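Engineer: What follows is final_1.cif; its format and atoms are mmCIF, C-alpha atoms and all ligand atoms.
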```cif
data_protein
#
loop_
_atom_site.group_PDB
_atom_site.id
_atom_site.type_symbol
_atom_site.label_atom_id
_atom_site.label_comp_id
_atom_site.auth_asym_id
_atom_site.auth_seq_id
_atom_site.Cartn_x
_atom_site.Cartn_y
_atom_site.Cartn_z
ATOM 1 C CA MET A 1 -41.145 44.276 34.809
ATOM 2 C CA ALA A 2 -40.267 45.089 38.431
ATOM 3 C CA ALA A 3 -43.061 46.494 40.559
ATOM 4 C CA ILE A 4 -43.231 50.152 41.491
ATOM 5 C CA SER A 5 -45.001 50.954 44.749
ATOM 6 C CA PRO A 6 -45.604 54.364 46.265
ATOM 7 C CA VAL A 7 -44.427 54.689 49.853
ATOM 8 C CA SER A 8 -47.922 55.910 50.751
ATOM 9 C CA ARG A 9 -50.954 57.242 48.897
ATOM 10 C CA ASP A 10 -49.831 60.870 48.648
ATOM 11 C CA SER A 11 -46.126 60.200 48.769
ATOM 12 C CA ASN A 12 -43.612 61.709 46.405
ATOM 13 C CA LEU A 13 -41.420 58.652 47.030
ATOM 14 C CA TYR A 14 -41.765 55.245 45.437
ATOM 15 C CA TRP A 15 -40.100 51.887 45.917
ATOM 16 C CA TYR A 16 -38.430 50.313 42.928
ATOM 17 C CA LYS A 17 -36.164 47.242 43.138
ATOM 18 C CA GLY A 18 -35.489 47.845 46.831
ATOM 19 C CA PHE A 19 -34.588 51.516 46.516
ATOM 20 C CA CYS A 20 -36.699 54.558 47.334
ATOM 21 C CA PHE A 21 -36.815 57.135 44.523
ATOM 22 C CA ILE A 22 -38.290 60.634 44.226
ATOM 23 C CA LYS A 23 -41.198 60.559 41.781
ATOM 24 C CA ASP A 24 -40.788 64.092 40.463
ATOM 25 C CA MET A 25 -37.073 63.710 39.794
ATOM 26 C CA MET A 26 -36.419 60.238 38.408
ATOM 27 C CA SER A 27 -38.317 57.831 36.189
ATOM 28 C CA THR A 28 -37.684 54.098 36.373
ATOM 29 C CA GLU A 29 -36.825 54.090 32.650
ATOM 30 C CA PHE A 30 -34.088 56.631 33.240
ATOM 31 C CA ILE A 31 -32.778 54.796 36.310
ATOM 32 C CA ASP A 32 -32.704 51.487 34.438
ATOM 33 C CA SER A 33 -30.888 53.142 31.535
ATOM 34 C CA LEU A 34 -27.973 54.043 33.828
ATOM 35 C CA LYS A 35 -26.899 50.385 33.874
ATOM 36 C CA ASP A 36 -25.751 50.869 30.287
ATOM 37 C CA PHE A 37 -24.120 54.249 30.884
ATOM 38 C CA LYS A 38 -20.786 53.995 29.073
ATOM 39 C CA ILE A 39 -17.893 54.085 31.491
ATOM 40 C CA ARG A 40 -14.398 55.302 30.666
ATOM 41 C CA ASP A 41 -11.381 53.783 32.375
ATOM 42 C CA ASP A 42 -10.445 57.095 33.997
ATOM 43 C CA ASP A 43 -13.920 57.916 35.346
ATOM 44 C CA VAL A 44 -14.298 58.543 39.067
ATOM 45 C CA PHE A 45 -17.587 57.923 40.884
ATOM 46 C CA LEU A 46 -18.253 59.309 44.337
ATOM 47 C CA ILE A 47 -21.049 57.323 45.973
ATOM 48 C CA THR A 48 -22.757 57.860 49.321
ATOM 49 C CA TYR A 49 -25.936 57.247 51.250
ATOM 50 C CA PRO A 50 -27.452 60.741 51.768
ATOM 51 C CA LYS A 51 -26.047 62.930 54.537
ATOM 52 C CA SER A 52 -22.799 61.021 54.812
ATOM 53 C CA GLY A 53 -20.331 63.634 53.577
ATOM 54 C CA THR A 54 -21.236 63.898 49.893
ATOM 55 C CA ILE A 55 -20.697 67.620 49.334
ATOM 56 C CA TRP A 56 -17.581 67.480 51.509
ATOM 57 C CA THR A 57 -16.008 64.814 49.312
ATOM 58 C CA GLN A 58 -17.217 66.583 46.151
ATOM 59 C CA GLN A 59 -15.330 69.649 47.368
ATOM 60 C CA ILE A 60 -12.204 67.596 48.141
ATOM 61 C CA LEU A 61 -12.269 65.946 44.702
ATOM 62 C CA SER A 62 -12.706 69.279 43.039
ATOM 63 C CA LEU A 63 -9.842 70.806 45.022
ATOM 64 C CA ILE A 64 -7.505 67.880 44.351
ATOM 65 C CA CYS A 65 -8.239 67.725 40.642
ATOM 66 C CA SER A 66 -8.439 71.415 39.802
ATOM 67 C CA GLU A 67 -5.677 73.893 40.412
ATOM 68 C CA GLY A 68 -8.145 76.640 39.490
ATOM 69 C CA HIS A 69 -10.372 75.586 42.369
ATOM 70 C CA ARG A 70 -7.408 75.506 44.742
ATOM 71 C CA ASN A 71 -6.130 78.961 43.855
ATOM 72 C CA GLY A 72 -9.606 80.483 43.548
ATOM 73 C CA THR A 73 -9.286 81.519 39.892
ATOM 74 C CA GLU A 74 -12.210 79.289 38.872
ATOM 75 C CA LYS A 75 -15.614 79.711 40.456
ATOM 76 C CA ILE A 76 -17.175 76.485 39.262
ATOM 77 C CA ASP A 77 -19.950 74.845 41.215
ATOM 78 C CA THR A 78 -18.849 71.443 42.496
ATOM 79 C CA ASN A 79 -22.102 70.058 41.038
ATOM 80 C CA ASP A 80 -20.745 71.032 37.623
ATOM 81 C CA ARG A 81 -17.296 69.638 38.286
ATOM 82 C CA VAL A 82 -18.598 66.461 39.915
ATOM 83 C CA PRO A 83 -22.148 66.256 38.492
ATOM 84 C CA TRP A 84 -24.941 63.989 39.669
ATOM 85 C CA LEU A 85 -25.411 60.805 37.737
ATOM 86 C CA GLU A 86 -29.092 60.442 38.610
ATOM 87 C CA PHE A 87 -30.210 64.057 39.284
ATOM 88 C CA ARG A 88 -29.472 65.570 35.929
ATOM 89 C CA THR A 89 -31.924 68.417 36.411
ATOM 90 C CA ILE A 90 -29.756 69.776 39.250
ATOM 91 C CA ASN A 91 -26.777 70.148 36.956
ATOM 92 C CA ALA A 92 -26.835 72.433 33.998
ATOM 93 C CA TYR A 93 -27.676 69.468 31.764
ATOM 94 C CA GLU A 94 -25.064 68.437 29.323
ATOM 95 C CA ASP A 95 -24.323 65.288 27.422
ATOM 96 C CA TYR A 96 -22.019 63.310 29.700
ATOM 97 C CA ASN A 97 -20.737 61.376 26.695
ATOM 98 C CA ILE A 98 -19.021 64.459 25.313
ATOM 99 C CA ARG A 99 -17.648 65.586 28.673
ATOM 100 C CA PRO A 100 -13.830 65.657 28.613
ATOM 101 C CA SER A 101 -11.881 63.048 30.564
ATOM 102 C CA PRO A 102 -11.234 62.444 33.329
ATOM 103 C CA ARG A 103 -14.889 62.681 34.298
ATOM 104 C CA MET A 104 -16.137 62.674 37.871
ATOM 105 C CA PHE A 105 -19.674 61.871 39.002
ATOM 106 C CA VAL A 106 -21.546 61.767 42.260
ATOM 107 C CA SER A 107 -24.403 59.420 43.063
ATOM 108 C CA HIS A 108 -26.586 58.139 45.894
ATOM 109 C CA LEU A 109 -27.465 54.967 44.008
ATOM 110 C CA SER A 110 -27.258 51.541 45.561
ATOM 111 C CA GLU A 111 -24.845 48.984 44.175
ATOM 112 C CA THR A 112 -27.591 47.341 42.133
ATOM 113 C CA PHE A 113 -28.274 50.414 39.969
ATOM 114 C CA VAL A 114 -24.855 51.769 39.035
ATOM 115 C CA PRO A 115 -23.429 51.399 35.505
ATOM 116 C CA ARG A 116 -22.287 47.834 34.824
ATOM 117 C CA GLY A 117 -19.077 49.133 33.287
ATOM 118 C CA LEU A 118 -17.797 50.028 36.761
ATOM 119 C CA LYS A 119 -17.179 46.342 37.269
ATOM 120 C CA ASN A 120 -14.350 46.535 34.757
ATOM 121 C CA LYS A 121 -12.418 47.581 37.868
ATOM 122 C CA LYS A 122 -10.614 50.294 35.959
ATOM 123 C CA ALA A 123 -12.874 53.263 36.655
ATOM 124 C CA LYS A 124 -12.664 54.324 40.299
ATOM 125 C CA VAL A 125 -15.343 54.374 42.978
ATOM 126 C CA ILE A 126 -15.044 56.330 46.207
ATOM 127 C CA TYR A 127 -17.678 55.237 48.718
ATOM 128 C CA VAL A 128 -18.131 57.385 51.818
ATOM 129 C CA MET A 129 -20.071 56.099 54.813
ATOM 130 C CA ARG A 130 -21.049 57.770 58.078
ATOM 131 C CA ASN A 131 -22.294 56.400 61.365
ATOM 132 C CA PRO A 132 -26.022 56.002 60.781
ATOM 133 C CA LYS A 133 -27.204 57.781 63.907
ATOM 134 C CA ASP A 134 -25.509 60.987 62.756
ATOM 135 C CA ALA A 135 -26.582 60.436 59.141
ATOM 136 C CA MET A 136 -30.175 60.018 60.384
ATOM 137 C CA LYS A 137 -30.036 63.192 62.471
ATOM 138 C CA SER A 138 -28.551 65.115 59.533
ATOM 139 C CA PHE A 139 -31.262 63.714 57.228
ATOM 140 C CA TYR A 140 -33.974 64.773 59.694
ATOM 141 C CA HIS A 141 -32.823 68.390 59.481
ATOM 142 C CA PHE A 142 -32.248 68.195 55.748
ATOM 143 C CA GLN A 143 -35.977 67.566 55.231
ATOM 144 C CA ASP A 144 -36.651 71.178 56.210
ATOM 145 C CA MET A 145 -34.720 72.444 53.220
ATOM 146 C CA ALA A 146 -35.392 69.647 50.715
ATOM 147 C CA VAL A 147 -38.470 71.053 48.983
ATOM 148 C CA LEU A 148 -39.730 67.691 47.706
ATOM 149 C CA ALA A 149 -39.196 65.832 51.001
ATOM 150 C CA GLU A 150 -42.097 64.909 53.231
ATOM 151 C CA LYS A 151 -41.745 66.730 56.511
ATOM 152 C CA SER A 152 -41.819 64.746 59.732
ATOM 153 C CA PRO A 153 -43.683 66.483 62.560
ATOM 154 C CA ASP A 154 -41.144 65.223 65.104
ATOM 155 C CA PHE A 155 -38.002 63.132 65.360
ATOM 156 C CA GLN A 156 -39.808 59.919 66.417
ATOM 157 C CA HIS A 157 -41.810 60.059 63.187
ATOM 158 C CA PHE A 158 -38.620 60.481 61.158
ATOM 159 C CA PHE A 159 -36.835 57.779 63.170
ATOM 160 C CA GLU A 160 -39.504 55.257 62.126
ATOM 161 C CA LYS A 161 -39.407 56.403 58.498
ATOM 162 C CA PHE A 162 -35.622 56.114 58.430
ATOM 163 C CA LEU A 163 -35.706 52.580 59.838
ATOM 164 C CA ASP A 164 -38.363 51.580 57.294
ATOM 165 C CA GLY A 165 -36.282 53.169 54.526
ATOM 166 C CA GLU A 166 -39.124 55.534 53.617
ATOM 167 C CA VAL A 167 -36.715 58.294 52.685
ATOM 168 C CA PHE A 168 -34.872 58.964 49.438
ATOM 169 C CA ALA A 169 -32.283 56.163 48.889
ATOM 170 C CA GLY A 170 -34.187 53.675 51.057
ATOM 171 C CA LYS A 171 -32.722 51.791 53.984
ATOM 172 C CA TRP A 172 -29.291 52.827 55.225
ATOM 173 C CA PHE A 173 -28.594 49.177 56.134
ATOM 174 C CA ASP A 174 -29.261 47.981 52.571
ATOM 175 C CA HIS A 175 -27.138 50.699 50.966
ATOM 176 C CA ILE A 176 -24.117 50.002 53.143
ATOM 177 C CA ARG A 177 -24.493 46.231 52.994
ATOM 178 C CA GLY A 178 -24.865 46.267 49.207
ATOM 179 C CA TRP A 179 -21.747 48.302 48.598
ATOM 180 C CA TYR A 180 -19.701 46.711 51.346
ATOM 181 C CA THR A 181 -20.404 43.105 50.394
ATOM 182 C CA HIS A 182 -19.749 43.780 46.692
ATOM 183 C CA LYS A 183 -16.679 45.942 47.222
ATOM 184 C CA ASP A 184 -14.305 43.375 45.723
ATOM 185 C CA GLU A 185 -16.059 43.714 42.377
ATOM 186 C CA TYR A 186 -14.990 47.364 42.082
ATOM 187 C CA ASN A 187 -11.852 49.463 42.060
ATOM 188 C CA ILE A 188 -13.033 51.098 45.246
ATOM 189 C CA LEU A 189 -11.794 53.291 48.067
ATOM 190 C CA ILE A 190 -14.050 53.128 51.120
ATOM 191 C CA LEU A 191 -13.882 56.118 53.431
ATOM 192 C CA LYS A 192 -15.561 57.043 56.671
ATOM 193 C CA TYR A 193 -16.862 60.513 57.520
ATOM 194 C CA GLU A 194 -15.537 60.184 61.064
ATOM 195 C CA ASP A 195 -11.992 59.521 59.785
ATOM 196 C CA MET A 196 -12.268 62.702 57.730
ATOM 197 C CA ILE A 197 -13.187 64.580 60.902
ATOM 198 C CA LYS A 198 -10.345 62.965 62.872
ATOM 199 C CA ASP A 199 -7.590 63.493 60.307
ATOM 200 C CA LEU A 200 -8.651 65.237 57.108
ATOM 201 C CA ARG A 201 -5.123 65.513 55.783
ATOM 202 C CA SER A 202 -4.609 61.741 55.847
ATOM 203 C CA VAL A 203 -7.888 61.157 54.042
ATOM 204 C CA VAL A 204 -7.055 63.784 51.402
ATOM 205 C CA LYS A 205 -3.732 61.973 50.895
ATOM 206 C CA GLN A 206 -5.553 58.647 50.572
ATOM 207 C CA ILE A 207 -7.886 60.118 47.945
ATOM 208 C CA SER A 208 -5.131 61.775 45.940
ATOM 209 C CA THR A 209 -3.063 58.584 45.994
ATOM 210 C CA PHE A 210 -6.098 56.582 44.835
ATOM 211 C CA LEU A 211 -6.593 59.064 41.992
ATOM 212 C CA GLY A 212 -2.906 58.968 41.098
ATOM 213 C CA ILE A 213 -2.518 62.723 41.644
ATOM 214 C CA LYS A 214 0.523 63.962 43.487
ATOM 215 C CA LEU A 215 0.050 67.147 45.496
ATOM 216 C CA ASP A 216 2.976 69.040 46.958
ATOM 217 C CA ASP A 217 2.783 70.225 50.570
ATOM 218 C CA GLU A 218 1.530 73.669 49.624
ATOM 219 C CA ALA A 219 -1.293 72.282 47.476
ATOM 220 C CA MET A 220 -2.148 69.803 50.221
ATOM 221 C CA ASP A 221 -2.378 72.635 52.778
ATOM 222 C CA ILE A 222 -4.806 74.506 50.535
ATOM 223 C CA VAL A 223 -7.011 71.464 49.957
ATOM 224 C CA VAL A 224 -7.215 70.731 53.682
ATOM 225 C CA LYS A 225 -7.969 74.372 54.513
ATOM 226 C CA LYS A 226 -10.613 74.857 51.812
ATOM 227 C CA ALA A 227 -12.278 71.568 52.726
ATOM 228 C CA SER A 228 -12.613 72.539 56.386
ATOM 229 C CA PHE A 229 -16.125 73.024 57.762
ATOM 230 C CA ASN A 230 -15.699 76.750 58.411
ATOM 231 C CA GLU A 231 -14.229 77.528 54.991
ATOM 232 C CA MET A 232 -16.939 75.553 53.226
ATOM 233 C CA LYS A 233 -19.690 77.166 55.277
ATOM 234 C CA LYS A 234 -18.670 80.649 54.224
ATOM 235 C CA ASP A 235 -18.290 79.688 50.546
ATOM 236 C CA PRO A 236 -21.750 79.858 48.890
ATOM 237 C CA LEU A 237 -20.668 77.432 46.164
ATOM 238 C CA ALA A 238 -19.354 74.828 48.618
ATOM 239 C CA ASN A 239 -22.455 75.287 50.784
ATOM 240 C CA LYS A 240 -24.684 74.767 47.727
ATOM 241 C CA GLU A 241 -26.483 78.056 48.138
ATOM 242 C CA ASN A 242 -27.010 78.204 44.384
ATOM 243 C CA MET A 243 -29.140 75.061 44.103
ATOM 244 C CA PRO A 244 -32.465 75.478 42.251
ATOM 245 C CA GLU A 245 -35.117 76.913 44.580
ATOM 246 C CA ASP A 246 -37.646 74.262 43.624
ATOM 247 C CA ILE A 247 -35.244 71.644 45.027
ATOM 248 C CA ILE A 248 -33.438 73.314 47.936
ATOM 249 C CA ASP A 249 -34.859 76.032 50.174
ATOM 250 C CA ASN A 250 -31.740 77.682 51.567
ATOM 251 C CA LYS A 251 -33.779 79.856 53.917
ATOM 252 C CA SER A 252 -34.857 76.780 55.891
ATOM 253 C CA GLY A 253 -31.461 75.291 56.637
ATOM 254 C CA SER A 254 -27.926 74.798 55.462
ATOM 255 C CA PHE A 255 -26.012 71.880 53.966
ATOM 256 C CA MET A 256 -23.173 72.868 56.292
ATOM 257 C CA ARG A 257 -25.199 72.409 59.478
ATOM 258 C CA LYS A 258 -22.955 71.221 62.336
ATOM 259 C CA GLY A 259 -20.417 68.828 60.849
ATOM 260 C CA GLN A 260 -19.862 66.855 64.039
ATOM 261 C CA VAL A 261 -19.513 63.274 65.172
ATOM 262 C CA GLY A 262 -21.989 62.337 67.909
ATOM 263 C CA ASP A 263 -24.601 65.061 67.371
ATOM 264 C CA TRP A 264 -27.186 62.243 67.442
ATOM 265 C CA LYS A 265 -26.757 62.235 71.236
ATOM 266 C CA ASN A 266 -28.544 65.585 71.394
ATOM 267 C CA THR A 267 -31.653 64.134 69.763
ATOM 268 C CA LEU A 268 -32.039 60.356 70.027
ATOM 269 C CA THR A 269 -33.606 59.196 73.281
ATOM 270 C CA VAL A 270 -31.965 56.327 75.165
ATOM 271 C CA ALA A 271 -34.790 54.055 73.985
ATOM 272 C CA GLN A 272 -34.330 55.075 70.327
ATOM 273 C CA SER A 273 -30.584 54.619 70.588
ATOM 274 C CA GLU A 274 -30.905 51.175 72.171
ATOM 275 C CA LEU A 275 -33.428 50.050 69.579
ATOM 276 C CA PHE A 276 -31.105 51.281 66.849
ATOM 277 C CA ASP A 277 -28.129 49.426 68.392
ATOM 278 C CA LYS A 278 -30.158 46.226 68.473
ATOM 279 C CA LEU A 279 -31.157 46.569 64.817
ATOM 280 C CA PHE A 280 -27.618 47.484 63.860
ATOM 281 C CA GLN A 281 -26.354 44.312 65.524
ATOM 282 C CA GLU A 282 -29.015 42.171 63.835
ATOM 283 C CA LYS A 283 -28.531 43.618 60.365
ATOM 284 C CA MET A 284 -24.833 44.437 60.266
ATOM 285 C CA GLY A 285 -23.324 42.212 62.959
ATOM 286 C CA ASP A 286 -21.941 39.727 60.422
ATOM 287 C CA LEU A 287 -19.938 42.443 58.612
ATOM 288 C CA SER A 288 -16.564 43.532 59.882
ATOM 289 C CA LEU A 289 -17.674 47.151 59.941
ATOM 290 C CA ASN A 290 -16.964 49.504 62.812
ATOM 291 C CA PHE A 291 -18.190 53.039 63.185
ATOM 292 C CA THR A 292 -17.081 55.859 65.436
ATOM 293 C CA TRP A 293 -20.250 56.945 67.240
ATOM 294 C CA GLN A 294 -18.691 59.835 69.094
ATOM 295 C CA ILE A 295 -15.323 61.458 69.604
ATOM 296 C CA PRO A 296 -14.373 62.378 73.154
ATOM 297 C CA GLU A 297 -13.917 66.158 73.664
HETATM 298 P P1 LIG B 1 -24.661 67.641 59.606
HETATM 299 O O1 LIG B 1 -26.063 67.856 59.135
HETATM 300 O O2 LIG B 1 -24.556 66.585 60.677
HETATM 301 O O3 LIG B 1 -23.992 68.900 60.001
HETATM 302 P P2 LIG B 1 -24.208 65.350 52.535
HETATM 303 O O4 LIG B 1 -23.261 66.214 51.814
HETATM 304 O O5 LIG B 1 -24.022 63.890 52.244
HETATM 305 O O6 LIG B 1 -25.608 65.824 52.339
HETATM 306 O O7 LIG B 1 -23.856 65.449 54.090
HETATM 307 C C1 LIG B 1 -24.103 66.640 54.785
HETATM 308 C C2 LIG B 1 -23.426 66.525 56.116
HETATM 309 O O8 LIG B 1 -21.986 66.623 55.936
HETATM 310 C C3 LIG B 1 -23.832 67.650 57.062
HETATM 311 O O9 LIG B 1 -23.816 67.077 58.379
HETATM 312 C C4 LIG B 1 -22.688 68.642 56.864
HETATM 313 O O10 LIG B 1 -22.532 69.563 57.915
HETATM 314 C C5 LIG B 1 -21.504 67.674 56.762
HETATM 315 N N1 LIG B 1 -20.333 68.310 56.157
HETATM 316 C C6 LIG B 1 -20.216 68.889 54.952
HETATM 317 N N2 LIG B 1 -18.995 69.418 54.788
HETATM 318 C C7 LIG B 1 -18.311 69.177 55.929
HETATM 319 C C8 LIG B 1 -16.993 69.503 56.402
HETATM 320 N N3 LIG B 1 -16.140 70.209 55.672
HETATM 321 N N4 LIG B 1 -16.641 69.078 57.639
HETATM 322 C C9 LIG B 1 -17.493 68.369 58.393
HETATM 323 N N5 LIG B 1 -18.757 68.043 58.021
HETATM 324 C C10 LIG B 1 -19.163 68.457 56.800
#
```
Starting from the coordinates I provided, produce the structure as C-alpha cells.
Structural biologist:
Amino acid sequence: MAAISPVSRDSNLYWYKGFCFIKDMMSTEFIDSLKDFKIRDDDVFLITYPKSGTIWTQQILSLICSEGHRNGTEKIDTNDRVPWLEFRTINAYEDYNIRPSPRMFVSHLSETFVPRGLKNKKAKVIYVMRNPKDAMKSFYHFQDMAVLAEKSPDFQHFFEKFLDGEVFAGKWFDHIRGWYTHKDEYNILILKYEDMIKDLRSVVKQISTFLGIKLDDEAMDIVVKKASFNEMKKDPLANKENMPEDIIDNKSGSFMRKGQVGDWKNTLTVAQSELFDKLFQEKMGDLSLNFTWQIPE
C-alpha cells in the first residue's frame, strides 16, 4: 500500500502517490477507485491544475453544449453540468453511471489518478494550463476564500509552499509534466489560458471543433460574450457564488478576481521571479513548452 504522509502535523493536506490531497474532502480509497470509473466513448473531461482557468472552461463547455445556457432559459450551475470527478460533495451528488450521455466532468487530478478508460482514446480530455507565476498568484488569493486551505501570512510563505507543492494538487511542475509527457496516450486538446485571453473566439472554435459541435455565428457570438470576464463576474452562477459555505467563503474573495496575464509582476519580487525562472528552466527546460508571461499593453 502506498504511503500517506501529512504535509505537516496539523495540516489538512496529505501526500499520496506524489499528489497533495485535502483530508476532509477525499479519502485514498475513493481516489484509487476512480481508476476504475467506467468511461463512455462520448465523455469529456476538463482537467487543470488549480487556478488555471477551470471555471472559465467549464462555462465555455456549458455554453457550447447547451442551447438553454446560451439563451438563458436554463439556470443550471456549471458544477452540475460539468461536475467534479473527485469533489462529489460539491455537486448535488448523483450516480454518475446513470447520468445521460454525453457526460462532462471536471478534475484537478494528475495524469496518474484519472480513470484508465480514458486511454481508450475515444473519450475526450481538455487540459488547460496557465503560466505558473499567474497561477501561483491566483492560488495565493484563493486561499482567503477556500475555507479548508491553510492561510499563508505573506506571499513569501506561499511562494515556498507552492514550490514545495504543499498546496492542493501538489507541484505545478509535476502536474504539467505528467499530462504533457503522456499526452499522446489520450484524445486530448491542450489549451493555454493566455491564448484564451488573447483570442477567446479562436479557442472557443477549437473546443467546439474538438467536441464535434458546430455553432453558427450567432451562437458563437453568444458563447464568446457570456464567457467574457465581465459577463461571468456579474453572473452569480458563473462566479460560483452558490458554492457550499463550508467550502467557499464568498465574502473573502471572488473566483473572478482579475483575469489578467502578468498580474504576478505586481507581487513577485525580482528575486522570487528569478528563482522561479531558474527552477522552471531546470524542471521544464527539456519540454517544448512555452508560456506567455505577460501581454504588452
Ligand atoms: P485570477 O485570480 O488571476 O483573476 P480556476 O477557475 O482554475 O480556479 O481559475 C481562476 C482564475 O481564472 C482567476 O484568475 C479568474 O479570474 C480567472 N478567470 C475565470 N474566468 C475568466 C474569464 N472569463 N476571463 C479571464 N480570466 C478568467
Engineer: Find, counting all atoms listed in the file, the residue in A:Asn266, A:Asn12, A:Thr181, A:Gln156 that gets nearest to ligand LIG 1 (chain B).
Structural biologist: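 Using all atoms listed in the file, the shortest distance to ligand LIG 1 (chain B) belongs to A:Asn266.
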Engineer: Selected by the PyMOL selection byres (((chain A and resi 295) around 7) and not hetatm) in the shown coordinates: which residues, as a list in words?
Structural biologist: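 For this structure, the PyMOL selection byres (((chain A and resi 295) around 7) and not hetatm) captures Val261, Gly262, Gln294, Pro296 and Glu297 of chain A.
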Engineer: Given 3 Å of margin on each side, can you work out the centre and size in Å (one decimal) of an axis-aligned box holding every listed atom of region 189-205 of chain A, as lines of an AutoDock Vina configuration file?
Structural biologist:
```
center_x = -10.3
center_y = 59.3
center_z = 55.5
size_x = 19.1
size_y = 18.4
size_z = 20.8
```
Engineer: Please identify every residue of chain A that has at least one atom no farther than 9 Å from an atom of ligand LIG 1 (chain B), counting only C-alpha atoms and all ligand atoms, and for each give the shortest atom pair and the distance in Å to one decimal, arranged by chain then increasing number, as CSV.
Structural biologist:
```
residue,atom,partner,partner_atom,distance
A:Thr48,CA,B:LIG1,O5,6.8
A:Tyr49,CA,B:LIG1,O5,7.0
A:Pro50,CA,B:LIG1,O5,4.7
A:Lys51,CA,B:LIG1,O5,3.2
A:Ser52,CA,B:LIG1,O5,4.0
A:Gly53,CA,B:LIG1,O5,3.9
A:Thr54,CA,B:LIG1,O4,3.6
A:Ile55,CA,B:LIG1,O4,3.8
A:Trp56,CA,B:LIG1,N2,4.1
A:Thr57,CA,B:LIG1,N2,7.8
A:Gln58,CA,B:LIG1,O4,8.3
A:Gln59,CA,B:LIG1,N2,8.3
A:Ile60,CA,B:LIG1,N3,8.9
A:His108,CA,B:LIG1,O5,8.9
A:Val128,CA,B:LIG1,O5,8.8
A:Arg130,CA,B:LIG1,O5,9.0
A:Asp134,CA,B:LIG1,O2,6.0
A:Ala135,CA,B:LIG1,O2,6.7
A:Met136,CA,B:LIG1,O2,8.6
A:Lys137,CA,B:LIG1,O2,6.7
A:Ser138,CA,B:LIG1,O1,3.7
A:Phe139,CA,B:LIG1,O1,6.9
A:Tyr140,CA,B:LIG1,O1,8.5
A:His141,CA,B:LIG1,O1,6.8
A:Phe142,CA,B:LIG1,O1,7.1
A:Tyr193,CA,B:LIG1,N5,7.8
A:Glu194,CA,B:LIG1,C9,8.8
A:Met196,CA,B:LIG1,N4,7.7
A:Ile197,CA,B:LIG1,C9,6.3
A:Leu200,CA,B:LIG1,N4,8.9
A:Lys226,CA,B:LIG1,N3,8.2
A:Ala227,CA,B:LIG1,N3,5.0
A:Ser228,CA,B:LIG1,N3,4.3
A:Phe229,CA,B:LIG1,N3,3.5
A:Asn230,CA,B:LIG1,N3,7.1
A:Glu231,CA,B:LIG1,N3,7.6
A:Met232,CA,B:LIG1,N3,5.9
A:Lys233,CA,B:LIG1,N2,7.8
A:Ala238,CA,B:LIG1,N2,8.2
A:Asn239,CA,B:LIG1,N2,7.9
A:Ser254,CA,B:LIG1,O10,7.9
A:Phe255,CA,B:LIG1,C4,5.5
A:Met256,CA,B:LIG1,O10,3.7
A:Arg257,CA,B:LIG1,O3,3.7
A:Lys258,CA,B:LIG1,O3,3.5
A:Gly259,CA,B:LIG1,N5,3.4
A:Gln260,CA,B:LIG1,O2,5.8
A:Val261,CA,B:LIG1,O2,7.5
A:Gly262,CA,B:LIG1,O2,8.8
A:Asp263,CA,B:LIG1,O2,6.9
A:Trp264,CA,B:LIG1,O2,8.5
```
Engineer: So which residues get picked by the PyMOL selection byres (((chain A and resi 161) around 12) and not hetatm) here, written as a list in words?
Structural biologist: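 This file gives the following for the PyMOL selection byres (((chain A and resi 161) around 12) and not hetatm): Val7, Ser8, Leu13, Cys20, Met136, Phe139, Tyr140, Glu150, Lys151, Ser152, Pro153, Asp154, Phe155, Gln156, His157, Phe158, Phe159, Glu160, Phe162, Leu163, Asp164, Gly165, Glu166, Val167, Phe168, Ala169, Gly170, Lys171 and Trp172 of chain A.
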Engineer: For the selection you just gave me, I'd like the residues written to a file as a JSON list (two decimals), keeping the file's coordinate frame, keeping C-alpha atoms.
Structural biologist:
```
[["chain", "number", "residue", "atom", "x", "y", "z"],
["A", 7, "VAL", "CA", -44.43, 54.69, 49.85],
["A", 8, "SER", "CA", -47.92, 55.91, 50.75],
["A", 13, "LEU", "CA", -41.42, 58.65, 47.03],
["A", 20, "CYS", "CA", -36.70, 54.56, 47.33],
["A", 136, "MET", "CA", -30.18, 60.02, 60.38],
["A", 139, "PHE", "CA", -31.26, 63.71, 57.23],
["A", 140, "TYR", "CA", -33.97, 64.77, 59.69],
["A", 150, "GLU", "CA", -42.10, 64.91, 53.23],
["A", 151, "LYS", "CA", -41.74, 66.73, 56.51],
["A", 152, "SER", "CA", -41.82, 64.75, 59.73],
["A", 153, "PRO", "CA", -43.68, 66.48, 62.56],
["A", 154, "ASP", "CA", -41.14, 65.22, 65.10],
["A", 155, "PHE", "CA", -38.00, 63.13, 65.36],
["A", 156, "GLN", "CA", -39.81, 59.92, 66.42],
["A", 157, "HIS", "CA", -41.81, 60.06, 63.19],
["A", 158, "PHE", "CA", -38.62, 60.48, 61.16],
["A", 159, "PHE", "CA", -36.84, 57.78, 63.17],
["A", 160, "GLU", "CA", -39.50, 55.26, 62.13],
["A", 162, "PHE", "CA", -35.62, 56.11, 58.43],
["A", 163, "LEU", "CA", -35.71, 52.58, 59.84],
["A", 164, "ASP", "CA", -38.36, 51.58, 57.29],
["A", 165, "GLY", "CA", -36.28, 53.17, 54.53],
["A", 166, "GLU", "CA", -39.12, 55.53, 53.62],
["A", 167, "VAL", "CA", -36.72, 58.29, 52.68],
["A", 168, "PHE", "CA", -34.87, 58.96, 49.44],
["A", 169, "ALA", "CA", -32.28, 56.16, 48.89],
["A", 170, "GLY", "CA", -34.19, 53.68, 51.06],
["A", 171, "LYS", "CA", -32.72, 51.79, 53.98],
["A", 172, "TRP", "CA", -29.29, 52.83, 55.22]]
```
Engineer: So what does the PyMOL selection byres (((chain A and resi 118) around 10) and not hetatm) actually pick up in this one, as a ChimeraX atom specification?
Structural biologist: /A:35,37-41,43-45,114-117,119-125,185-188
Engineer: Could you check the closest approach to Asp80 (chain A) for each of A:Ile222, A:Leu189, A:Met104, A:Val270 and tell me which residue wins, using all atoms listed in the file?
Structural biologist: A:Met104
Engineer: For CA of Ser107 (chain A) and CA of Phe21 (chain A), quote the distance in Å rounded to one decimal.
Structural biologist: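 One can read the CA of Ser107 (chain A) to CA of Phe21 (chain A) distance as 12.7 Å.
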Engineer: Any idea what the distance is between CA of Ser62 (chain A) and CA of Val82 (chain A)?
Structural biologist: 7.2 Å
Engineer: What gap, in Å, lies between CA of Tyr16 (chain A) and CA of Gly178 (chain A)?
Structural biologist: 15.5 Å
